[in-house]
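**Student:** Enclosed is the structure file upload.json (JSON, C-alpha atoms and all ligand atoms).
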[["chain", "number", "residue", "atom", "x", "y", "z"],
["A", 19, "MET", "CA", 1.25, 49.30, -87.70],
["A", 20, "ALA", "CA", 1.53, 48.79, -91.42],
["A", 21, "THR", "CA", -1.74, 48.07, -93.12],
["A", 22, "ARG", "CA", -2.40, 46.00, -96.17],
["A", 23, "ASP", "CA", -5.19, 46.17, -98.69],
["A", 24, "ARG", "CA", -7.95, 43.66, -98.24],
["A", 25, "PRO", "CA", -9.03, 42.06, -101.55],
["A", 26, "ALA", "CA", -12.23, 43.66, -102.82],
["A", 27, "SER", "CA", -13.97, 40.30, -102.80],
["A", 28, "PRO", "CA", -12.20, 37.71, -100.60],
["A", 29, "LEU", "CA", -14.42, 34.89, -101.78],
["A", 30, "ALA", "CA", -13.51, 35.49, -105.41],
["A", 31, "ALA", "CA", -9.76, 35.50, -104.73],
["A", 32, "ALA", "CA", -7.54, 32.42, -105.00],
["A", 33, "PRO", "CA", -7.27, 30.78, -101.57],
["A", 34, "ILE", "CA", -4.29, 31.75, -99.46],
["A", 35, "LEU", "CA", -4.66, 28.42, -97.61],
["A", 36, "ALA", "CA", -6.40, 25.34, -98.96],
["A", 37, "CYS", "CA", -6.90, 21.90, -97.43],
["A", 38, "GLN", "CA", -7.31, 19.19, -100.02],
["A", 39, "ALA", "CA", -8.67, 15.83, -98.90],
["A", 40, "LEU", "CA", -6.83, 16.22, -95.62],
["A", 41, "THR", "CA", -6.68, 13.12, -93.44],
["A", 42, "LYS", "CA", -4.75, 12.81, -90.19],
["A", 43, "ARG", "CA", -4.01, 9.76, -88.07],
["A", 44, "PHE", "CA", -1.60, 9.84, -85.17],
["A", 45, "SER", "CA", 0.60, 6.85, -84.58],
["A", 46, "GLY", "CA", -0.99, 4.93, -81.74],
["A", 47, "SER", "CA", -4.47, 6.32, -82.46],
["A", 48, "SER", "CA", -7.27, 4.04, -83.71],
["A", 49, "PRO", "CA", -6.45, 2.78, -87.22],
["A", 50, "SER", "CA", -10.13, 2.57, -88.15],
["A", 51, "VAL", "CA", -11.13, 6.14, -87.26],
["A", 52, "PRO", "CA", -8.78, 8.95, -88.28],
["A", 53, "ILE", "CA", -8.70, 12.18, -86.26],
["A", 54, "LEU", "CA", -9.53, 14.10, -89.42],
["A", 55, "ALA", "CA", -10.89, 12.58, -92.62],
["A", 56, "ASP", "CA", -11.14, 14.13, -96.05],
["A", 57, "VAL", "CA", -11.26, 17.76, -94.95],
["A", 58, "ASN", "CA", -11.53, 20.26, -97.78],
["A", 59, "LEU", "CA", -11.39, 23.94, -96.93],
["A", 60, "ASP", "CA", -10.47, 27.11, -98.77],
["A", 61, "VAL", "CA", -9.39, 30.19, -96.84],
["A", 62, "ALA", "CA", -9.48, 33.35, -98.95],
["A", 63, "PRO", "CA", -6.97, 36.18, -98.45],
["A", 64, "GLY", "CA", -8.23, 38.56, -95.77],
["A", 65, "ASP", "CA", -10.85, 36.09, -94.59],
["A", 66, "PHE", "CA", -11.69, 35.38, -90.96],
["A", 67, "VAL", "CA", -12.57, 31.71, -90.52],
["A", 68, "THR", "CA", -13.80, 30.41, -87.18],
["A", 69, "ILE", "CA", -13.71, 26.69, -86.36],
["A", 70, "LEU", "CA", -16.22, 25.22, -83.91],
["A", 71, "GLY", "CA", -16.88, 21.70, -82.73],
["A", 72, "GLN", "CA", -17.04, 19.52, -79.69],
["A", 73, "SER", "CA", -13.98, 18.85, -77.58],
["A", 74, "GLY", "CA", -11.59, 16.34, -79.08],
["A", 75, "GLY", "CA", -13.04, 16.66, -82.58],
["A", 76, "GLY", "CA", -9.78, 17.66, -84.20],
["A", 77, "LYS", "CA", -9.97, 21.47, -84.29],
["A", 78, "SER", "CA", -6.47, 22.06, -82.92],
["A", 79, "THR", "CA", -5.15, 19.28, -85.14],
["A", 80, "LEU", "CA", -6.60, 21.04, -88.18],
["A", 81, "LEU", "CA", -5.01, 24.32, -87.08],
["A", 82, "LYS", "CA", -1.61, 22.66, -86.66],
["A", 83, "LEU", "CA", -1.93, 21.15, -90.13],
["A", 84, "LEU", "CA", -2.84, 24.57, -91.55],
["A", 85, "GLY", "CA", 0.32, 26.01, -90.00],
["A", 86, "GLY", "CA", 2.64, 23.23, -91.16],
["A", 87, "PHE", "CA", 3.34, 22.24, -87.54],
["A", 88, "ILE", "CA", 2.35, 18.62, -88.29],
["A", 89, "ALA", "CA", 2.11, 16.74, -91.56],
["A", 90, "PRO", "CA", -1.09, 15.21, -92.95],
["A", 91, "THR", "CA", -1.36, 11.44, -93.34],
["A", 92, "HIS", "CA", -3.09, 11.94, -96.69],
["A", 93, "GLY", "CA", -3.98, 14.98, -98.71],
["A", 94, "GLN", "CA", -2.24, 18.31, -98.57],
["A", 95, "VAL", "CA", -2.33, 21.90, -97.40],
["A", 96, "LEU", "CA", -1.59, 24.51, -100.04],
["A", 97, "PHE", "CA", -0.22, 27.89, -98.96],
["A", 98, "HIS", "CA", -0.35, 30.42, -101.80],
["A", 99, "GLY", "CA", -0.99, 27.41, -104.05],
["A", 100, "VAL", "CA", 2.20, 25.59, -103.00],
["A", 101, "PRO", "CA", 2.21, 22.46, -100.80],
["A", 102, "LEU", "CA", 3.05, 23.42, -97.23],
["A", 103, "LYS", "CA", 5.83, 21.16, -95.97],
["A", 104, "ALA", "CA", 6.97, 22.93, -92.80],
["A", 105, "ILE", "CA", 6.33, 25.94, -90.61],
["A", 106, "THR", "CA", 6.87, 29.35, -92.15],
["A", 107, "PRO", "CA", 7.18, 32.83, -90.61],
["A", 108, "LYS", "CA", 4.35, 33.89, -92.91],
["A", 109, "ILE", "CA", 1.92, 31.85, -90.79],
["A", 110, "GLY", "CA", 1.74, 32.82, -87.11],
["A", 111, "LEU", "CA", 0.15, 30.83, -84.29],
["A", 112, "VAL", "CA", -1.29, 32.13, -81.03],
["A", 113, "PHE", "CA", -2.09, 29.58, -78.33],
["A", 114, "GLN", "CA", -4.51, 29.59, -75.43],
["A", 115, "GLU", "CA", -1.77, 29.55, -72.86],
["A", 116, "ASN", "CA", 0.80, 32.23, -72.27],
["A", 117, "THR", "CA", 3.86, 31.55, -74.42],
["A", 118, "LEU", "CA", 5.71, 34.79, -73.73],
["A", 119, "TYR", "CA", 9.37, 34.64, -72.76],
["A", 120, "PRO", "CA", 9.44, 35.52, -69.06],
["A", 121, "TRP", "CA", 12.95, 36.95, -69.18],
["A", 122, "LEU", "CA", 12.03, 39.49, -71.89],
["A", 123, "THR", "CA", 10.06, 42.72, -71.47],
["A", 124, "VAL", "CA", 6.88, 43.38, -73.43],
["A", 125, "GLU", "CA", 8.74, 45.26, -76.15],
["A", 126, "GLN", "CA", 11.50, 42.63, -76.30],
["A", 127, "ASN", "CA", 8.88, 39.89, -76.64],
["A", 128, "ILE", "CA", 7.24, 41.78, -79.50],
["A", 129, "GLY", "CA", 10.62, 42.39, -81.14],
["A", 130, "PHE", "CA", 11.67, 38.78, -80.75],
["A", 131, "GLY", "CA", 10.30, 37.72, -84.14],
["A", 132, "PHE", "CA", 12.52, 40.29, -85.84],
["A", 133, "LYS", "CA", 15.55, 39.34, -83.75],
["A", 134, "VAL", "CA", 15.36, 35.67, -84.71],
["A", 135, "ARG", "CA", 15.23, 36.76, -88.34],
["A", 136, "GLY", "CA", 18.64, 38.38, -87.84],
["A", 137, "LYS", "CA", 17.41, 41.99, -87.66],
["A", 138, "LYS", "CA", 19.19, 44.56, -85.47],
["A", 139, "PRO", "CA", 17.05, 46.57, -82.97],
["A", 140, "HIS", "CA", 17.38, 49.80, -84.97],
["A", 141, "GLN", "CA", 15.83, 47.97, -87.95],
["A", 142, "TYR", "CA", 12.63, 47.03, -86.11],
["A", 143, "GLN", "CA", 12.16, 49.45, -83.24],
["A", 144, "VAL", "CA", 9.77, 51.62, -85.27],
["A", 145, "GLN", "CA", 7.52, 48.64, -86.08],
["A", 146, "VAL", "CA", 7.60, 47.46, -82.46],
["A", 147, "ARG", "CA", 6.61, 50.93, -81.26],
["A", 148, "GLU", "CA", 3.77, 51.09, -83.79],
["A", 149, "VAL", "CA", 2.46, 47.72, -82.68],
["A", 150, "LEU", "CA", 2.76, 48.68, -78.99],
["A", 151, "GLU", "CA", 0.67, 51.76, -79.64],
["A", 152, "GLN", "CA", -1.85, 49.88, -81.73],
["A", 153, "VAL", "CA", -2.49, 47.33, -78.99],
["A", 154, "GLY", "CA", -2.45, 49.92, -76.21],
["A", 155, "LEU", "CA", 0.62, 48.50, -74.51],
["A", 156, "PHE", "CA", 3.09, 51.31, -75.01],
["A", 157, "PRO", "CA", 2.97, 52.35, -71.32],
["A", 158, "ALA", "CA", 3.65, 48.71, -70.35],
["A", 159, "ARG", "CA", 6.54, 48.21, -72.76],
["A", 160, "LYS", "CA", 9.19, 47.85, -70.03],
["A", 161, "LEU", "CA", 7.21, 45.36, -67.93],
["A", 162, "TYR", "CA", 7.92, 41.62, -67.78],
["A", 163, "PRO", "CA", 5.19, 39.01, -68.43],
["A", 164, "GLN", "CA", 4.80, 38.18, -64.74],
["A", 165, "GLN", "CA", 3.85, 41.83, -64.16],
["A", 166, "LEU", "CA", 0.96, 41.66, -66.69],
["A", 167, "SER", "CA", -2.67, 40.59, -66.35],
["A", 168, "GLY", "CA", -3.95, 37.60, -68.36],
["A", 169, "GLY", "CA", -5.59, 39.87, -70.93],
["A", 170, "MET", "CA", -2.43, 41.94, -71.36],
["A", 171, "LYS", "CA", -0.39, 38.77, -71.91],
["A", 172, "GLN", "CA", -2.72, 37.65, -74.67],
["A", 173, "ARG", "CA", -2.57, 41.09, -76.28],
["A", 174, "VAL", "CA", 1.24, 40.85, -76.23],
["A", 175, "SER", "CA", 1.05, 37.35, -77.76],
["A", 176, "ILE", "CA", -1.16, 38.61, -80.58],
["A", 177, "ALA", "CA", 0.99, 41.73, -81.00],
["A", 178, "ARG", "CA", 4.14, 39.60, -81.21],
["A", 179, "SER", "CA", 2.60, 37.49, -83.98],
["A", 180, "ILE", "CA", 1.18, 40.46, -85.87],
["A", 181, "ALA", "CA", 4.37, 42.57, -85.66],
["A", 182, "VAL", "CA", 6.19, 40.47, -88.25],
["A", 183, "GLN", "CA", 3.22, 40.82, -90.62],
["A", 184, "PRO", "CA", 2.30, 37.19, -91.23],
["A", 185, "ASP", "CA", -0.02, 36.50, -94.13],
["A", 186, "VAL", "CA", -2.10, 34.23, -91.90],
["A", 187, "LEU", "CA", -2.64, 34.22, -88.14],
["A", 188, "LEU", "CA", -3.90, 30.98, -86.57],
["A", 189, "LEU", "CA", -5.45, 31.34, -83.11],
["A", 190, "ASP", "CA", -6.17, 28.35, -80.89],
["A", 191, "GLU", "CA", -8.67, 29.31, -78.16],
["A", 192, "PRO", "CA", -6.70, 32.48, -77.36],
["A", 193, "PHE", "CA", -9.28, 33.89, -74.91],
["A", 194, "SER", "CA", -10.66, 30.78, -73.25],
["A", 195, "ALA", "CA", -8.77, 31.32, -69.99],
["A", 196, "LEU", "CA", -10.16, 34.84, -69.56],
["A", 197, "ASP", "CA", -13.31, 36.04, -67.82],
["A", 198, "VAL", "CA", -16.31, 37.14, -69.89],
["A", 199, "GLN", "CA", -15.69, 40.89, -69.75],
["A", 200, "LEU", "CA", -12.04, 40.61, -70.66],
["A", 201, "ARG", "CA", -12.85, 38.11, -73.35],
["A", 202, "ARG", "CA", -15.27, 40.57, -74.92],
["A", 203, "ARG", "CA", -12.70, 43.35, -74.85],
["A", 204, "LEU", "CA", -10.13, 41.13, -76.52],
["A", 205, "GLN", "CA", -12.65, 39.98, -79.13],
["A", 206, "ALA", "CA", -13.14, 43.66, -80.03],
["A", 207, "PHE", "CA", -9.37, 44.11, -80.02],
["A", 208, "LEU", "CA", -8.89, 41.17, -82.39],
["A", 209, "ALA", "CA", -11.64, 42.43, -84.71],
["A", 210, "THR", "CA", -9.86, 45.79, -84.87],
["A", 211, "ILE", "CA", -6.50, 44.18, -85.60],
["A", 212, "TRP", "CA", -8.11, 42.11, -88.34],
["A", 213, "ALA", "CA", -9.81, 45.15, -89.87],
["A", 214, "ASP", "CA", -6.67, 47.29, -89.68],
["A", 215, "THR", "CA", -4.13, 44.80, -90.97],
["A", 216, "ALA", "CA", -6.15, 42.62, -93.40],
["A", 217, "THR", "CA", -4.33, 39.62, -91.95],
["A", 218, "THR", "CA", -6.10, 36.37, -92.80],
["A", 219, "MET", "CA", -7.24, 34.78, -89.55],
["A", 220, "VAL", "CA", -8.34, 31.27, -88.57],
["A", 221, "LEU", "CA", -9.67, 31.00, -85.02],
["A", 222, "VAL", "CA", -10.53, 27.83, -83.10],
["A", 223, "THR", "CA", -13.06, 28.38, -80.35],
["A", 224, "HIS", "CA", -15.60, 26.49, -78.24],
["A", 225, "ASN", "CA", -17.61, 29.68, -77.96],
["A", 226, "VAL", "CA", -20.32, 29.90, -80.62],
["A", 227, "GLU", "CA", -21.04, 33.56, -79.85],
["A", 228, "GLU", "CA", -17.35, 34.40, -80.34],
["A", 229, "ALA", "CA", -17.28, 32.50, -83.63],
["A", 230, "ILE", "CA", -20.23, 34.47, -85.00],
["A", 231, "LEU", "CA", -19.00, 37.82, -83.68],
["A", 232, "LEU", "CA", -15.59, 37.50, -85.29],
["A", 233, "GLY", "CA", -16.01, 35.16, -88.23],
["A", 234, "GLN", "CA", -16.77, 35.68, -91.88],
["A", 235, "LYS", "CA", -16.92, 31.97, -92.53],
["A", 236, "LEU", "CA", -17.91, 29.60, -89.72],
["A", 237, "ILE", "CA", -17.22, 25.90, -89.89],
["A", 238, "VAL", "CA", -18.15, 23.10, -87.53],
["A", 239, "ILE", "CA", -15.93, 20.05, -87.22],
["A", 240, "GLY", "CA", -17.81, 16.85, -86.38],
["A", 241, "ASP", "CA", -16.19, 14.11, -84.33],
["A", 242, "LYS", "CA", -14.95, 10.61, -85.22],
["A", 243, "PRO", "CA", -13.80, 11.10, -87.80],
["A", 244, "GLY", "CA", -13.23, 14.85, -87.67],
["A", 245, "ARG", "CA", -14.77, 16.37, -90.77],
["A", 246, "ILE", "CA", -16.59, 19.54, -91.72],
["A", 247, "ILE", "CA", -20.29, 19.04, -90.94],
["A", 248, "GLU", "CA", -21.43, 22.63, -91.37],
["A", 249, "THR", "CA", -20.29, 25.77, -93.16],
["A", 250, "VAL", "CA", -21.97, 29.14, -92.77],
["A", 251, "ASP", "CA", -20.76, 32.13, -94.75],
["A", 252, "ILE", "CA", -21.73, 35.51, -93.30],
["A", 253, "SER", "CA", -19.07, 37.54, -95.10],
["A", 254, "ALA", "CA", -21.62, 39.55, -97.08],
["A", 255, "ALA", "CA", -23.12, 41.01, -93.91],
["A", 256, "PRO", "CA", -21.35, 39.83, -90.75],
["A", 257, "PHE", "CA", -23.43, 39.60, -87.57],
["A", 258, "ARG", "CA", -22.01, 41.97, -84.99],
["A", 259, "ASP", "CA", -24.97, 42.51, -82.62],
["A", 260, "ARG", "CA", -24.99, 39.59, -80.22],
["A", 261, "TYR", "CA", -28.59, 40.35, -79.17],
["A", 262, "ALA", "CA", -30.09, 40.60, -82.69],
["A", 263, "ALA", "CA", -32.67, 37.96, -83.59],
["A", 264, "GLN", "CA", -30.65, 36.74, -86.59],
["A", 265, "PHE", "CA", -27.55, 36.41, -84.43],
["A", 266, "LEU", "CA", -29.39, 34.37, -81.81],
["A", 267, "ALA", "CA", -31.02, 32.18, -84.47],
["A", 268, "LEU", "CA", -27.63, 31.38, -86.00],
["A", 269, "GLN", "CA", -26.16, 30.74, -82.55],
["A", 270, "ARG", "CA", -28.98, 28.31, -81.75],
["A", 271, "HIS", "CA", -28.54, 26.58, -85.08],
["A", 272, "LEU", "CA", -24.79, 26.08, -84.61],
["A", 273, "GLU", "CA", -25.25, 24.88, -81.03],
["A", 274, "ASN", "CA", -27.81, 22.37, -82.33],
["A", 275, "VAL", "CA", -25.37, 21.12, -84.96],
["A", 276, "ILE", "CA", -22.66, 20.60, -82.31],
["A", 277, "GLU", "CA", -25.08, 19.00, -79.85],
["A", 278, "ALA", "CA", -26.49, 16.62, -82.48],
["A", 279, "ASP", "CA", -22.97, 15.56, -83.35],
["A", 280, "ALA", "CA", -22.20, 14.93, -79.66],
["A", 281, "GLN", "CA", -25.36, 12.85, -79.28],
["A", 282, "THR", "CA", -24.52, 10.81, -82.38],
["A", 283, "GLN", "CA", -21.11, 10.07, -80.90],
["A", 284, "ALA", "CA", -22.71, 9.04, -77.61],
["A", 285, "LEU", "CA", -25.11, 6.65, -79.38],
["A", 286, "ASN", "CA", -22.31, 5.13, -81.43],
["A", 287, "ARG", "CA", -20.26, 4.32, -78.34],
["A", 288, "PRO", "CA", -20.35, 0.73, -77.06],
["A", 289, "PRO", "CA", -23.31, 0.34, -74.61],
["A", 290, "SER", "CA", -20.93, -0.07, -71.70],
["A", 291, "GLU", "CA", -19.58, 3.47, -72.32],
["A", 292, "ALA", "CA", -22.82, 5.26, -73.24],
["A", 293, "PRO", "CA", -24.50, 7.42, -70.58],
["A", 294, "PRO", "CA", -27.93, 5.80, -69.86],
["A", 295, "SER", "CA", -29.81, 9.04, -70.45],
["A", 296, "LEU", "CA", -28.57, 9.25, -74.02],
["A", 297, "THR", "CA", -29.24, 5.72, -75.18],
["A", 298, "SER", "CA", -32.96, 6.40, -75.75],
["A", 299, "THR", "CA", -32.67, 10.03, -76.90],
["A", 300, "LYS", "CA", -34.20, 10.76, -80.27],
["A", 301, "ILE", "CA", -31.90, 12.91, -82.37],
["A", 302, "SER", "CA", -33.40, 15.51, -84.65],
["A", 303, "ARG", "CA", -30.88, 16.46, -87.30],
["A", 304, "PRO", "CA", -30.33, 20.16, -87.99],
["A", 305, "HIS", "CA", -30.53, 21.59, -91.48],
["A", 306, "SER", "CA", -27.41, 20.83, -93.46],
["A", 307, "SER", "CA", -26.65, 24.50, -93.94],
["A", 308, "ALA", "CA", -27.84, 27.65, -92.24],
["A", 309, "THR", "CA", -29.75, 30.33, -94.01],
["A", 310, "ARG", "CA", -30.05, 33.87, -92.82],
["A", 401, "LIG", "N1", 0.09, 14.20, -80.96],
["A", 401, "LIG", "C1", -0.99, 13.43, -80.80],
["A", 401, "LIG", "N2", -0.85, 12.10, -80.72],
["A", 401, "LIG", "C2", -1.94, 11.29, -80.60],
["A", 401, "LIG", "N3", -3.19, 11.75, -80.55],
["A", 401, "LIG", "C3", -3.39, 13.08, -80.62],
["A", 401, "LIG", "C4", -2.30, 13.98, -80.74],
["A", 401, "LIG", "N4", -2.79, 15.25, -80.80],
["A", 401, "LIG", "C5", -4.13, 15.13, -80.70],
["A", 401, "LIG", "N5", -4.49, 13.83, -80.59],
["A", 401, "LIG", "C6", -5.85, 13.33, -80.49],
["A", 401, "LIG", "O1", -6.59, 13.86, -81.57],
["A", 401, "LIG", "C7", -7.92, 14.13, -81.14],
["A", 401, "LIG", "C8", -8.27, 15.53, -81.51],
["A", 401, "LIG", "O2", -7.48, 16.40, -80.71],
["A", 401, "LIG", "P1", -7.55, 17.99, -80.92],
["A", 401, "LIG", "O3", -6.70, 18.61, -79.87],
["A", 401, "LIG", "O4", -7.27, 18.32, -82.33],
["A", 401, "LIG", "O5", -9.10, 18.25, -80.63],
["A", 401, "LIG", "P2", -9.84, 19.60, -80.34],
["A", 401, "LIG", "O6", -11.10, 19.58, -81.13],
["A", 401, "LIG", "O7", -8.95, 20.77, -80.57],
["A", 401, "LIG", "O8", -10.15, 19.45, -78.79],
["A", 401, "LIG", "P3", -10.36, 20.56, -77.68],
["A", 401, "LIG", "O9", -11.54, 21.37, -78.14],
["A", 401, "LIG", "O10", -10.65, 19.78, -76.45],
["A", 401, "LIG", "O11", -9.10, 21.36, -77.58],
["A", 401, "LIG", "C9", -8.00, 13.84, -79.66],
["A", 401, "LIG", "O12", -8.56, 12.54, -79.49],
["A", 401, "LIG", "C10", -6.55, 13.82, -79.23],
["A", 401, "LIG", "O13", -6.34, 12.93, -78.16]]
Written as structure tokens, that's how I'd like the structure from this file.
Ligand SMILES: Nc1ncnc2c1ncn2[C@@H]1O[C@H](COP(=O)(O)OP(=O)(O)OP(=O)(O)O)[C@@H](O)[C@H]1O
**Tutor:**
Amino acid sequence: MATRDRPASPLAAAPILACQALTKRFSGSSPSVPILADVNLDVAPGDFVTILGQSGGGKSTLLKLLGGFIAPTHGQVLFHGVPLKAITPKIGLVFQENTLYPWLTVEQNIGFGFKVRGKKPHQYQVQVREVLEQVGLFPARKLYPQQLSGGMKQRVSIARSIAVQPDVLLLDEPFSALDVQLRRRLQAFLATIWADTATTMVLVTHNVEEAILLGQKLIVIGDKPGRIIETVDISAAPFRDRYAAQFLALQRHLENVIEADAQTQALNRPPSEAPPSLTSTKISRPHSSATR
């Protein structure tokens, strides 16, 4: 697989993706509370950003905005400094669910991105082979998706997106349907792909441990309206040992931030909707930003 140089200092580089005062309302959704409100976020080239937050907080919506799949109500997304108006092949998206074409083999699925760009097989077969070897799927290249395990399917999905060398790869809960062991193997796989290709990655996950293991910059989206309520930058010395004291302290901190947000939402609900056990709970607010 072709590799690209990672900028010496990602944080110093101009953002590859930038959200500026991003607000999103869906037609039919509450006019008073947008799904996302005034989100500002810079993603540096080569960065790995992980997005956490409680369910329904707007994480997937933010990812779709970052990929140009939906348009913001206010504000804008800049891609290489230019307003993003539509999807582009330079930004790939990997979903939680299997989106492989069942009538194509593994290698045909991986080559599909080239084919739709008008390339002939002889023009991309070398890249496809390289990617197959990189992701350990060369022996399975002639199999169809229904002959693959869940983990293999997700590896093919990631390989298909990476093969066409996007500048940015957006991943929406790609491993959530997998068991713990497989999930850990694929986390390591994704970390290797990131390190080898210098592709900028933005990953949405419910799993705080996964966010810390993979991320350089971790953000938490609060609910109603969706907005960034916490940013932790560990790019200088990423935490890779899930049992280290610092790792566990950061995990506890982020879980507290998410839990406090959930409790605030519960208290703000009309009394008829609030669970009785939460109406008298005292909320202790976490620190506004984590320190290491
Ligand atoms: N196309 C749409 N039309 C109307 N409402 C939508 C649409 N897409 C998402 N929403 C609403 O926006 C809110 C945020 O949804 P989103 O999927 O972004 O949350 P999320 O944080 O990714 O949730 P989860 O973690 O459960 O996947 C939800 O209330 C959802 O119902």
**Student:** Leaving out Tyr119 (chain A) and any residue of its chain fewer than 5 positions from it, which residues lie within 10 Å of it when counting all atoms listed in the file, given as an NGL selection string?
**Tutor:** :A and (124 or 126-127 or 130 or 162-164)
**Student:** Using all atoms listed in the file for the distances, tell me which of A:Pro33, A:Pro157, A:Gly93, A:Pro52 is nearest to Met170 (chain A).
**Tutor:** A:Pro157
**Student:** List the neighbours of region 234-247 of chain A out to 9 Å using only C-alpha atoms; skip same-chain residues closer than 5 positions along the sequence, and give me the result as a ChimeraX atom specification.
**Tutor:** /A:41,51-59,61,65-77,229,252-257,272,275-276,279-280,283,306-307
**Student:** Contacts of Gln165 (chain A) at 10 Å or less, counting all atoms listed in the file, minus same-chain residues fewer than 5 places along, as an mmCIF file with C-alpha atoms, keeping the file's coordinate frame?
**Tutor:**
data_model
loop_
_atom_site.group_PDB
_atom_site.id
_atom_site.type_symbol
_atom_site.label_atom_id
_atom_site.label_comp_id
_atom_site.auth_asym_id
_atom_site.auth_seq_id
_atom_site.Cartn_x
_atom_site.Cartn_y
_atom_site.Cartn_z
ATOM 1 C CA PRO A 120 9.440 35.520 -69.060
ATOM 2 C CA THR A 123 10.060 42.720 -71.470
ATOM 3 C CA VAL A 124 6.880 43.380 -73.430
ATOM 4 C CA ALA A 158 3.650 48.710 -70.350
ATOM 5 C CA LYS A 160 9.190 47.850 -70.030
ATOM 6 C CA MET A 170 -2.430 41.940 -71.360
ATOM 7 C CA LYS A 171 -0.390 38.770 -71.910
#
**Student:** Write out as number ranges by chain which residues come within 9 Å of region 199-209 of chain A when counting all atoms listed in the file, dropping same-chain ones fewer than 2 positions away.
**Tutor:** A: 153, 168-169, 172-173, 176, 193-197, 211-214, 228, 231-232
**Student:** Counting all atoms listed in the file, which of A:Arg270, A:Ala62, A:Leu221, A:Leu285 gets nearest to ligand LIG 401 (chain A)?
**Tutor:**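 Closest to ligand LIG 401 (chain A), using all atoms listed in the file: A:Leu221.
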**Student:** Please measure the separation of CA of Leu96 (chain A) and CA of Ser78 (chain A), giving the value in Å to one decimal.
**Tutor:**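 Calculated distance between CA of Leu96 (chain A) and CA of Ser78 (chain A) is 18.0 Å.
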**Student:** Kindly list the centre and edge lengths in Å, rounded to one decimal, for the axis-aligned box that covers all listed atoms of ligand LIG 401 (chain A) plus 3 Å on each of its six sides, as AutoDock Vina command-line options.
**Tutor:**
--center_x -5.7 --center_y 16.3 --center_z -79.4 --size_x 17.6 --size_y 16.1 --size_z 11.9
**Student:** Using all atoms listed in the file, which of the listed residues (A:Pro107, A:Pro139, A:Gly99, A:Gly129) sits closest to Asp60 (chain A)?
**Tutor:**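 Ranked by minimum distance to Asp60 (chain A), first place goes to A:Gly99.
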**Student:** Could you tell me which of A:Ala36, A:Val146, A:Ile88, A:Leu268 comes closest to ligand LIG 401 (chain A) if we count only C-alpha atoms and all ligand atoms?
**Tutor:**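 Of A:Ala36, A:Val146, A:Ile88, A:Leu268, the one nearest ligand LIG 401 (chain A) is A:Ile88, counting only C-alpha atoms and all ligand atoms.
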**Student:** Which neighbours of region 179-187 of chain A fall inside 9 Å, counting all atoms listed in the file, when residues of the same chain fewer than 6 positions from it are skipped, and could you give them as an MDAnalysis selection string?
**Tutor:** chainID A and resid 19:20 34:35 63:64 85 107:112 128:129 131:132 145:146 148:149 211 215:221
**Student:** What separation in Å, quoted to one decimal, exists between CA of Thr91 (chain A) and atom C7 of ligand LIG 401 (chain A)?
**Tutor:**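 Taking CA of Thr91 (chain A) as the start and atom C7 of ligand LIG 401 (chain A) as the end point, the length is 14.1 Å.
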**Student:** At a cut-off of 6 Å around the point (-2.3, 31.9, -74.0) (file coordinates), what residues fall inside when counting all atoms listed in the file? I'd like the answer as JSON, numbers by chain.
**Tutor:** {"A": [113, 114, 115, 116, 172, 192]}
**Student:** Using the structure just given, write a file holding C-alpha atoms for region 29-41 of chain A, as a tab-separated table (two decimals), in the first residue's frame.
**Tutor:**
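After the write, selection.tsv holds the following:
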chain	number	residue	atom	x	y	z
A	29	LEU	CA	-1.19	20.35	15.36
A	30	ALA	CA	0.86	23.08	13.72
A	31	ALA	CA	-0.41	22.29	10.22
A	32	ALA	CA	-3.41	23.99	8.61
A	33	PRO	CA	-6.52	21.90	9.26
A	34	ILE	CA	-7.50	19.43	6.57
A	35	LEU	CA	-11.09	19.59	7.88
A	36	ALA	CA	-12.56	22.44	9.90
A	37	CYS	CA	-16.05	22.95	11.30
A	38	GLN	CA	-16.95	26.58	11.74
A	39	ALA	CA	-19.96	27.44	13.89
A	40	LEU	CA	-21.70	24.33	12.62
A	41	THR	CA	-25.40	24.07	13.44
